[in-house]
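Peer 1: Input file: entry14.cif. Contents: mmCIF, N, CA and C atoms.
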data_run
loop_
_atom_site.label_atom_id
_atom_site.label_comp_id
_atom_site.auth_asym_id
_atom_site.auth_seq_id
_atom_site.Cartn_x
_atom_site.Cartn_y
_atom_site.Cartn_z
N MET A 11 6.86 47.15 -18.72
CA MET A 11 7.42 45.92 -19.25
C MET A 11 8.10 46.25 -20.58
N THR A 12 9.28 45.72 -20.78
CA THR A 12 9.99 45.99 -22.02
C THR A 12 9.28 45.29 -23.18
N PRO A 13 9.35 45.87 -24.38
CA PRO A 13 8.61 45.29 -25.52
C PRO A 13 8.99 43.85 -25.85
N TRP A 14 10.28 43.50 -25.80
CA TRP A 14 10.66 42.14 -26.15
C TRP A 14 10.15 41.14 -25.12
N LEU A 15 10.11 41.52 -23.85
CA LEU A 15 9.59 40.63 -22.82
C LEU A 15 8.08 40.45 -22.98
N PHE A 16 7.41 41.53 -23.35
CA PHE A 16 5.97 41.46 -23.62
C PHE A 16 5.69 40.47 -24.74
N TRP A 17 6.45 40.54 -25.84
CA TRP A 17 6.22 39.65 -26.98
C TRP A 17 6.52 38.20 -26.63
N ILE A 18 7.56 37.96 -25.84
CA ILE A 18 7.89 36.59 -25.44
C ILE A 18 6.79 36.02 -24.55
N LEU A 19 6.32 36.80 -23.59
CA LEU A 19 5.25 36.34 -22.70
C LEU A 19 3.95 36.12 -23.45
N LEU A 20 3.60 37.05 -24.32
CA LEU A 20 2.39 36.90 -25.13
C LEU A 20 2.53 35.69 -26.05
N GLY A 21 3.70 35.51 -26.65
CA GLY A 21 3.93 34.36 -27.52
C GLY A 21 3.80 33.04 -26.78
N LEU A 22 4.35 32.98 -25.58
CA LEU A 22 4.26 31.75 -24.79
C LEU A 22 2.82 31.45 -24.42
N LEU A 23 2.08 32.45 -23.98
CA LEU A 23 0.67 32.23 -23.62
C LEU A 23 -0.16 31.82 -24.84
N ALA A 24 -0.04 32.58 -25.92
CA ALA A 24 -0.86 32.32 -27.10
C ALA A 24 -0.48 31.00 -27.76
N GLY A 25 0.81 30.70 -27.84
CA GLY A 25 1.25 29.44 -28.43
C GLY A 25 0.78 28.24 -27.63
N THR A 26 0.86 28.34 -26.30
CA THR A 26 0.41 27.25 -25.44
C THR A 26 -1.09 27.05 -25.57
N LEU A 27 -1.85 28.14 -25.54
CA LEU A 27 -3.30 28.02 -25.69
C LEU A 27 -3.68 27.48 -27.07
N GLY A 28 -2.98 27.93 -28.10
CA GLY A 28 -3.25 27.45 -29.45
C GLY A 28 -3.00 25.96 -29.57
N LYS A 29 -1.90 25.48 -29.00
CA LYS A 29 -1.61 24.05 -29.03
C LYS A 29 -2.62 23.25 -28.21
N PHE A 30 -3.13 23.85 -27.14
CA PHE A 30 -4.14 23.18 -26.32
C PHE A 30 -5.46 23.07 -27.08
N LEU A 31 -5.83 24.13 -27.80
CA LEU A 31 -7.10 24.14 -28.53
C LEU A 31 -7.07 23.29 -29.79
N VAL A 32 -5.89 23.07 -30.36
CA VAL A 32 -5.75 22.27 -31.57
C VAL A 32 -4.81 21.11 -31.23
N PRO A 33 -5.34 20.08 -30.57
CA PRO A 33 -4.45 18.98 -30.17
C PRO A 33 -3.99 18.18 -31.38
N GLY A 34 -2.88 17.56 -31.23
CA GLY A 34 -2.34 16.74 -32.31
C GLY A 34 -0.83 16.76 -32.28
N ARG A 35 -0.25 16.22 -33.34
CA ARG A 35 1.21 16.14 -33.43
C ARG A 35 1.75 17.40 -34.08
N ASP A 36 2.39 18.20 -33.28
CA ASP A 36 3.03 19.42 -33.76
C ASP A 36 4.40 19.51 -33.11
N PRO A 37 5.31 20.24 -33.74
CA PRO A 37 6.60 20.44 -33.07
C PRO A 37 6.36 21.05 -31.69
N SER A 38 6.95 20.44 -30.69
CA SER A 38 6.61 20.88 -29.33
C SER A 38 7.86 21.22 -28.54
N GLY A 39 8.34 22.37 -28.74
CA GLY A 39 9.42 22.88 -27.92
C GLY A 39 9.03 24.25 -27.43
N CYS A 40 9.70 24.70 -26.41
CA CYS A 40 9.38 26.00 -25.84
C CYS A 40 9.63 27.12 -26.85
N ILE A 41 10.74 27.03 -27.59
CA ILE A 41 11.06 28.07 -28.57
C ILE A 41 10.01 28.07 -29.68
N PHE A 42 9.64 26.88 -30.19
CA PHE A 42 8.61 26.81 -31.23
C PHE A 42 7.29 27.39 -30.74
N THR A 43 6.92 27.08 -29.51
CA THR A 43 5.67 27.58 -28.95
C THR A 43 5.68 29.11 -28.86
N ILE A 44 6.79 29.68 -28.44
CA ILE A 44 6.90 31.14 -28.35
C ILE A 44 6.82 31.78 -29.73
N VAL A 45 7.56 31.20 -30.69
CA VAL A 45 7.53 31.74 -32.06
C VAL A 45 6.14 31.61 -32.65
N LEU A 46 5.48 30.46 -32.42
CA LEU A 46 4.12 30.26 -32.89
C LEU A 46 3.20 31.34 -32.33
N GLY A 47 3.33 31.63 -31.05
CA GLY A 47 2.48 32.64 -30.42
C GLY A 47 2.78 34.04 -30.92
N ILE A 48 4.06 34.37 -31.15
CA ILE A 48 4.41 35.70 -31.64
C ILE A 48 3.90 35.90 -33.06
N VAL A 49 4.14 34.92 -33.93
CA VAL A 49 3.64 35.03 -35.31
C VAL A 49 2.11 34.99 -35.31
N GLY A 50 1.54 34.19 -34.41
CA GLY A 50 0.09 34.15 -34.27
C GLY A 50 -0.47 35.50 -33.83
N ALA A 51 0.26 36.20 -32.97
CA ALA A 51 -0.17 37.54 -32.55
C ALA A 51 -0.16 38.50 -33.73
N LEU A 52 0.84 38.39 -34.57
CA LEU A 52 0.89 39.25 -35.76
C LEU A 52 -0.25 38.92 -36.73
N VAL A 53 -0.47 37.63 -36.97
CA VAL A 53 -1.56 37.22 -37.86
C VAL A 53 -2.91 37.62 -37.26
N GLY A 54 -3.10 37.35 -35.98
CA GLY A 54 -4.34 37.72 -35.31
C GLY A 54 -4.56 39.22 -35.31
N GLY A 55 -3.49 39.99 -35.14
CA GLY A 55 -3.60 41.45 -35.18
C GLY A 55 -4.03 41.96 -36.53
N VAL A 56 -3.48 41.37 -37.58
CA VAL A 56 -3.87 41.78 -38.94
C VAL A 56 -5.34 41.42 -39.19
N ILE A 57 -5.74 40.21 -38.80
CA ILE A 57 -7.13 39.79 -38.99
C ILE A 57 -8.06 40.65 -38.13
N GLY A 58 -7.66 40.92 -36.88
CA GLY A 58 -8.47 41.76 -36.00
C GLY A 58 -8.64 43.17 -36.54
N THR A 59 -7.58 43.73 -37.11
CA THR A 59 -7.66 45.06 -37.71
C THR A 59 -8.57 45.03 -38.92
N TRP A 60 -8.44 43.99 -39.73
CA TRP A 60 -9.26 43.85 -40.94
C TRP A 60 -10.75 43.72 -40.59
N LEU A 61 -11.05 43.02 -39.48
CA LEU A 61 -12.45 42.84 -39.06
C LEU A 61 -12.97 44.01 -38.22
N GLY A 62 -12.10 44.98 -37.91
CA GLY A 62 -12.54 46.14 -37.14
C GLY A 62 -12.53 45.94 -35.65
N TRP A 63 -11.74 45.00 -35.15
CA TRP A 63 -11.66 44.76 -33.70
C TRP A 63 -10.67 45.68 -33.03
N GLY A 64 -9.98 46.49 -33.77
CA GLY A 64 -8.98 47.38 -33.21
C GLY A 64 -7.80 47.48 -34.15
N GLU A 65 -6.82 48.27 -33.78
CA GLU A 65 -5.64 48.44 -34.61
C GLU A 65 -4.45 47.74 -33.98
N ILE A 66 -3.45 47.47 -34.82
CA ILE A 66 -2.23 46.85 -34.33
C ILE A 66 -1.38 47.94 -33.69
N THR A 67 -1.29 47.91 -32.39
CA THR A 67 -0.46 48.87 -31.66
C THR A 67 0.22 48.14 -30.52
N ARG A 68 1.21 48.77 -29.96
CA ARG A 68 1.85 48.19 -28.79
C ARG A 68 0.92 48.45 -27.61
N GLY A 69 0.48 47.41 -26.99
CA GLY A 69 -0.50 47.57 -25.92
C GLY A 69 -0.07 46.88 -24.65
N THR A 70 -1.04 46.45 -23.92
CA THR A 70 -0.78 45.76 -22.67
C THR A 70 -1.17 44.30 -22.81
N LEU A 71 -0.74 43.50 -21.89
CA LEU A 71 -1.05 42.08 -21.89
C LEU A 71 -2.42 41.90 -21.23
N ASP A 72 -3.46 41.97 -22.04
CA ASP A 72 -4.80 41.80 -21.52
C ASP A 72 -5.47 40.62 -22.20
N LEU A 73 -6.68 40.31 -21.77
CA LEU A 73 -7.39 39.14 -22.28
C LEU A 73 -7.65 39.26 -23.78
N ARG A 74 -7.96 40.46 -24.25
CA ARG A 74 -8.24 40.66 -25.67
C ARG A 74 -7.01 40.37 -26.53
N SER A 75 -5.85 40.87 -26.12
CA SER A 75 -4.65 40.65 -26.92
C SER A 75 -4.25 39.17 -26.89
N VAL A 76 -4.41 38.50 -25.76
CA VAL A 76 -4.11 37.07 -25.68
C VAL A 76 -5.08 36.29 -26.57
N GLY A 77 -6.35 36.68 -26.56
CA GLY A 77 -7.35 36.00 -27.40
C GLY A 77 -7.08 36.16 -28.88
N ILE A 78 -6.72 37.36 -29.30
CA ILE A 78 -6.43 37.60 -30.72
C ILE A 78 -5.16 36.85 -31.12
N ALA A 79 -4.15 36.85 -30.27
CA ALA A 79 -2.92 36.12 -30.57
C ALA A 79 -3.17 34.62 -30.62
N THR A 80 -4.02 34.11 -29.73
CA THR A 80 -4.36 32.69 -29.72
C THR A 80 -5.11 32.32 -30.99
N LEU A 81 -6.02 33.18 -31.44
CA LEU A 81 -6.73 32.94 -32.70
C LEU A 81 -5.74 32.83 -33.85
N GLY A 82 -4.77 33.72 -33.88
CA GLY A 82 -3.74 33.65 -34.92
C GLY A 82 -2.92 32.38 -34.83
N ALA A 83 -2.58 31.94 -33.62
CA ALA A 83 -1.81 30.70 -33.44
C ALA A 83 -2.61 29.49 -33.90
N VAL A 84 -3.90 29.46 -33.61
CA VAL A 84 -4.76 28.36 -34.05
C VAL A 84 -4.81 28.33 -35.58
N ILE A 85 -4.95 29.49 -36.20
CA ILE A 85 -4.98 29.55 -37.66
C ILE A 85 -3.67 29.03 -38.24
N LEU A 86 -2.55 29.43 -37.65
CA LEU A 86 -1.25 28.95 -38.13
C LEU A 86 -1.11 27.44 -37.98
N LEU A 87 -1.56 26.89 -36.86
CA LEU A 87 -1.49 25.45 -36.67
C LEU A 87 -2.34 24.70 -37.69
N LEU A 88 -3.54 25.20 -37.96
CA LEU A 88 -4.42 24.54 -38.93
C LEU A 88 -3.87 24.64 -40.34
N VAL A 89 -3.34 25.80 -40.71
CA VAL A 89 -2.74 25.96 -42.04
C VAL A 89 -1.51 25.05 -42.16
N GLY A 90 -0.70 24.98 -41.11
CA GLY A 90 0.46 24.10 -41.12
C GLY A 90 0.08 22.65 -41.32
N ARG A 91 -0.99 22.22 -40.70
CA ARG A 91 -1.45 20.84 -40.88
C ARG A 91 -1.95 20.59 -42.29
N LEU A 92 -2.67 21.55 -42.86
CA LEU A 92 -3.13 21.40 -44.24
C LEU A 92 -1.96 21.31 -45.21
N VAL A 93 -0.95 22.14 -44.98
CA VAL A 93 0.23 22.11 -45.85
C VAL A 93 0.96 20.79 -45.71
N ARG A 94 1.15 20.32 -44.48
CA ARG A 94 1.83 19.04 -44.27
C ARG A 94 1.03 17.89 -44.85
N ARG A 95 -0.28 17.94 -44.75
CA ARG A 95 -1.12 16.88 -45.31
C ARG A 95 -1.01 16.87 -46.83
N GLY A 96 -1.01 18.05 -47.42
CA GLY A 96 -0.87 18.14 -48.88
C GLY A 96 0.49 17.67 -49.36
N LEU A 97 1.54 18.03 -48.64
CA LEU A 97 2.88 17.58 -49.00
C LEU A 97 3.03 16.08 -48.79
N GLY A 98 2.41 15.57 -47.75
CA GLY A 98 2.48 14.13 -47.48
C GLY A 98 1.80 13.32 -48.56
N ASN A 99 0.65 13.79 -49.04
CA ASN A 99 -0.06 13.10 -50.11
C ASN A 99 0.72 13.17 -51.41
N ARG A 100 1.34 14.29 -51.67
CA ARG A 100 2.11 14.46 -52.90
C ARG A 100 3.32 13.55 -52.91
N GLU A 101 4.01 13.45 -51.76
CA GLU A 101 5.21 12.61 -51.68
C GLU A 101 4.85 11.12 -51.75
N SER A 102 3.76 10.71 -51.09
CA SER A 102 3.40 9.30 -51.11
C SER A 102 2.82 8.89 -52.46
N GLY A 103 2.17 9.82 -53.14
CA GLY A 103 1.60 9.51 -54.45
C GLY A 103 2.63 9.48 -55.55
N ALA A 104 3.74 10.18 -55.38
CA ALA A 104 4.75 10.26 -56.43
C ALA A 104 5.46 8.91 -56.61
N GLY A 105 5.58 8.13 -55.58
CA GLY A 105 6.27 6.85 -55.68
C GLY A 105 5.44 5.76 -56.32
N ASN A 106 4.13 5.97 -56.44
CA ASN A 106 3.24 4.95 -56.98
C ASN A 106 3.03 5.07 -58.48
N ARG A 107 3.58 6.06 -59.11
CA ARG A 107 3.39 6.22 -60.55
C ARG A 107 4.31 5.28 -61.32
N ASP A 108 3.80 4.76 -62.40
CA ASP A 108 4.61 3.86 -63.26
C ASP A 108 4.74 4.43 -64.64
#
Could you write out this structure as structure tokens?

Peer 2:
Amino acid sequence: MTPWLFWILLGLLAGTLGKFLVPGRDPSGCIFTIVLGIVGALVGGVIGTWLGWGEITRGTLDLRSVGIATLGAVILLLVGRLVRRGLGNRESGAGNRD
């Protein structure tokens, strides 16, 4: 399998699983889901390497790599929600000052 096809497939799987595990209002397009999964795979790979679960290498599409990528996607979704919540509070509070 070519590397770019591997990343797109892994991104689609991990992004979809991440959105399923963290339900709510998120941008929901196929491209966003793939990008979420790819960036989630990178984040999950760094965290997995840091925790000693393995190294970041080009591998195969197995359950472990999908799980680590999904963990990264879930983390990105949760961080994105925290950032949006913080920005929303800041914007709504700014108009109430006198």

Peer 1: What does the structure give for the distance between atom N of Leu81 of chain A and atom CA of Asn99 of chain A, in Å to one decimal?

Peer 2: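 It comes out at 28.1 Å.
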
Peer 1: What's the separation between atom CA of Gly62 of chain A and atom N of Thr80 of chain A, in Å to one decimal place?

Peer 2: 16.5 Å

Peer 1: Would you translate the PyMOL selection byres (((chain A and resi 52 and name CA) around 12) and name CA) into the concrete set of residues it matches in this file, as a JSON list (two decimals) with N, CA and C atoms, keeping the file's coordinate frame?

Peer 2:
[["chain", "number", "residue", "atom", "x", "y", "z"],
["A", 17, "TRP", "N", 6.45, 40.54, -25.84],
["A", 17, "TRP", "CA", 6.22, 39.65, -26.98],
["A", 17, "TRP", "C", 6.52, 38.20, -26.63],
["A", 20, "LEU", "N", 3.60, 37.05, -24.32],
["A", 20, "LEU", "CA", 2.39, 36.90, -25.13],
["A", 20, "LEU", "C", 2.53, 35.69, -26.05],
["A", 21, "GLY", "N", 3.70, 35.51, -26.65],
["A", 21, "GLY", "CA", 3.93, 34.36, -27.52],
["A", 21, "GLY", "C", 3.80, 33.04, -26.78],
["A", 24, "ALA", "N", -0.04, 32.58, -25.92],
["A", 24, "ALA", "CA", -0.86, 32.32, -27.10],
["A", 24, "ALA", "C", -0.48, 31.00, -27.76],
["A", 45, "VAL", "N", 7.56, 31.20, -30.69],
["A", 45, "VAL", "CA", 7.53, 31.74, -32.06],
["A", 45, "VAL", "C", 6.14, 31.61, -32.65],
["A", 46, "LEU", "N", 5.48, 30.46, -32.42],
["A", 46, "LEU", "CA", 4.12, 30.26, -32.89],
["A", 46, "LEU", "C", 3.20, 31.34, -32.33],
["A", 47, "GLY", "N", 3.33, 31.63, -31.05],
["A", 47, "GLY", "CA", 2.48, 32.64, -30.42],
["A", 47, "GLY", "C", 2.78, 34.04, -30.92],
["A", 48, "ILE", "N", 4.06, 34.37, -31.15],
["A", 48, "ILE", "CA", 4.41, 35.70, -31.64],
["A", 48, "ILE", "C", 3.90, 35.90, -33.06],
["A", 49, "VAL", "N", 4.14, 34.92, -33.93],
["A", 49, "VAL", "CA", 3.64, 35.03, -35.31],
["A", 49, "VAL", "C", 2.11, 34.99, -35.31],
["A", 50, "GLY", "N", 1.54, 34.19, -34.41],
["A", 50, "GLY", "CA", 0.09, 34.15, -34.27],
["A", 50, "GLY", "C", -0.47, 35.50, -33.83],
["A", 51, "ALA", "N", 0.26, 36.20, -32.97],
["A", 51, "ALA", "CA", -0.17, 37.54, -32.55],
["A", 51, "ALA", "C", -0.16, 38.50, -33.73],
["A", 53, "VAL", "N", -0.47, 37.63, -36.97],
["A", 53, "VAL", "CA", -1.56, 37.22, -37.86],
["A", 53, "VAL", "C", -2.91, 37.62, -37.26],
["A", 54, "GLY", "N", -3.10, 37.35, -35.98],
["A", 54, "GLY", "CA", -4.34, 37.72, -35.31],
["A", 54, "GLY", "C", -4.56, 39.22, -35.31],
["A", 55, "GLY", "N", -3.49, 39.99, -35.14],
["A", 55, "GLY", "CA", -3.60, 41.45, -35.18],
["A", 55, "GLY", "C", -4.03, 41.96, -36.53],
["A", 56, "VAL", "N", -3.48, 41.37, -37.58],
["A", 56, "VAL", "CA", -3.87, 41.78, -38.94],
["A", 56, "VAL", "C", -5.34, 41.42, -39.19],
["A", 57, "ILE", "N", -5.74, 40.21, -38.80],
["A", 57, "ILE", "CA", -7.13, 39.79, -38.99],
["A", 57, "ILE", "C", -8.06, 40.65, -38.13],
["A", 58, "GLY", "N", -7.66, 40.92, -36.88],
["A", 58, "GLY", "CA", -8.47, 41.76, -36.00],
["A", 58, "GLY", "C", -8.64, 43.17, -36.54],
["A", 59, "THR", "N", -7.58, 43.73, -37.11],
["A", 59, "THR", "CA", -7.66, 45.06, -37.71],
["A", 59, "THR", "C", -8.57, 45.03, -38.92],
["A", 65, "GLU", "N", -6.82, 48.27, -33.78],
["A", 65, "GLU", "CA", -5.64, 48.44, -34.61],
["A", 65, "GLU", "C", -4.45, 47.74, -33.98],
["A", 66, "ILE", "N", -3.45, 47.47, -34.82],
["A", 66, "ILE", "CA", -2.23, 46.85, -34.33],
["A", 66, "ILE", "C", -1.38, 47.94, -33.69],
["A", 67, "THR", "N", -1.29, 47.91, -32.39],
["A", 67, "THR", "CA", -0.46, 48.87, -31.66],
["A", 67, "THR", "C", 0.22, 48.14, -30.52],
["A", 68, "ARG", "N", 1.21, 48.77, -29.96],
["A", 68, "ARG", "CA", 1.85, 48.19, -28.79],
["A", 68, "ARG", "C", 0.92, 48.45, -27.61],
["A", 75, "SER", "N", -5.85, 40.87, -26.12],
["A", 75, "SER", "CA", -4.65, 40.65, -26.92],
["A", 75, "SER", "C", -4.25, 39.17, -26.89],
["A", 76, "VAL", "N", -4.41, 38.50, -25.76],
["A", 76, "VAL", "CA", -4.11, 37.07, -25.68],
["A", 76, "VAL", "C", -5.08, 36.29, -26.57],
["A", 78, "ILE", "N", -6.72, 37.36, -29.30],
["A", 78, "ILE", "CA", -6.43, 37.60, -30.72],
["A", 78, "ILE", "C", -5.16, 36.85, -31.12],
["A", 79, "ALA", "N", -4.15, 36.85, -30.27],
["A", 79, "ALA", "CA", -2.92, 36.12, -30.57],
["A", 79, "ALA", "C", -3.17, 34.62, -30.62],
["A", 80, "THR", "N", -4.02, 34.11, -29.73],
["A", 80, "THR", "CA", -4.36, 32.69, -29.72],
["A", 80, "THR", "C", -5.11, 32.32, -30.99],
["A", 81, "LEU", "N", -6.02, 33.18, -31.44],
["A", 81, "LEU", "CA", -6.73, 32.94, -32.70],
["A", 81, "LEU", "C", -5.74, 32.83, -33.85],
["A", 82, "GLY", "N", -4.77, 33.72, -33.88],
["A", 82, "GLY", "CA", -3.74, 33.65, -34.92],
["A", 82, "GLY", "C", -2.92, 32.38, -34.83],
["A", 83, "ALA", "N", -2.58, 31.94, -33.62],
["A", 83, "ALA", "CA", -1.81, 30.70, -33.44],
["A", 83, "ALA", "C", -2.61, 29.49, -33.90],
["A", 85, "ILE", "N", -4.95, 29.49, -36.20],
["A", 85, "ILE", "CA", -4.98, 29.55, -37.66],
["A", 85, "ILE", "C", -3.67, 29.03, -38.24],
["A", 86, "LEU", "N", -2.55, 29.43, -37.65],
["A", 86, "LEU", "CA", -1.25, 28.95, -38.13],
["A", 86, "LEU", "C", -1.11, 27.44, -37.98]]

Peer 1: Show me, as AutoDock Vina command-line options, the centre and edge lengths in Å to one decimal of the axis-aligned box that covers every listed atom of segment 28-41 of chain A with 3 Å on each side.

Peer 2:
--center_x 2.0 --center_y 22.1 --center_z -30.0 --size_x 24.2 --size_y 17.9 --size_z 14.2

Peer 1: Within 8 Å of Lys29 of chain A, counting all atoms listed in the file, which residues qualify if same-chain residues fewer than 4 places away don't, as a PyMOL selection string?

Peer 2: chain A and resi 23-25+33-34+43+80+83-84+87

Peer 1: Within chain A, find each residue whose DSSP state, derived from the backbone, is alpha helix (DSSP H), and express the selection as a PyMOL selection string.

Peer 2: chain A and resi 13-31+40-60+73-104
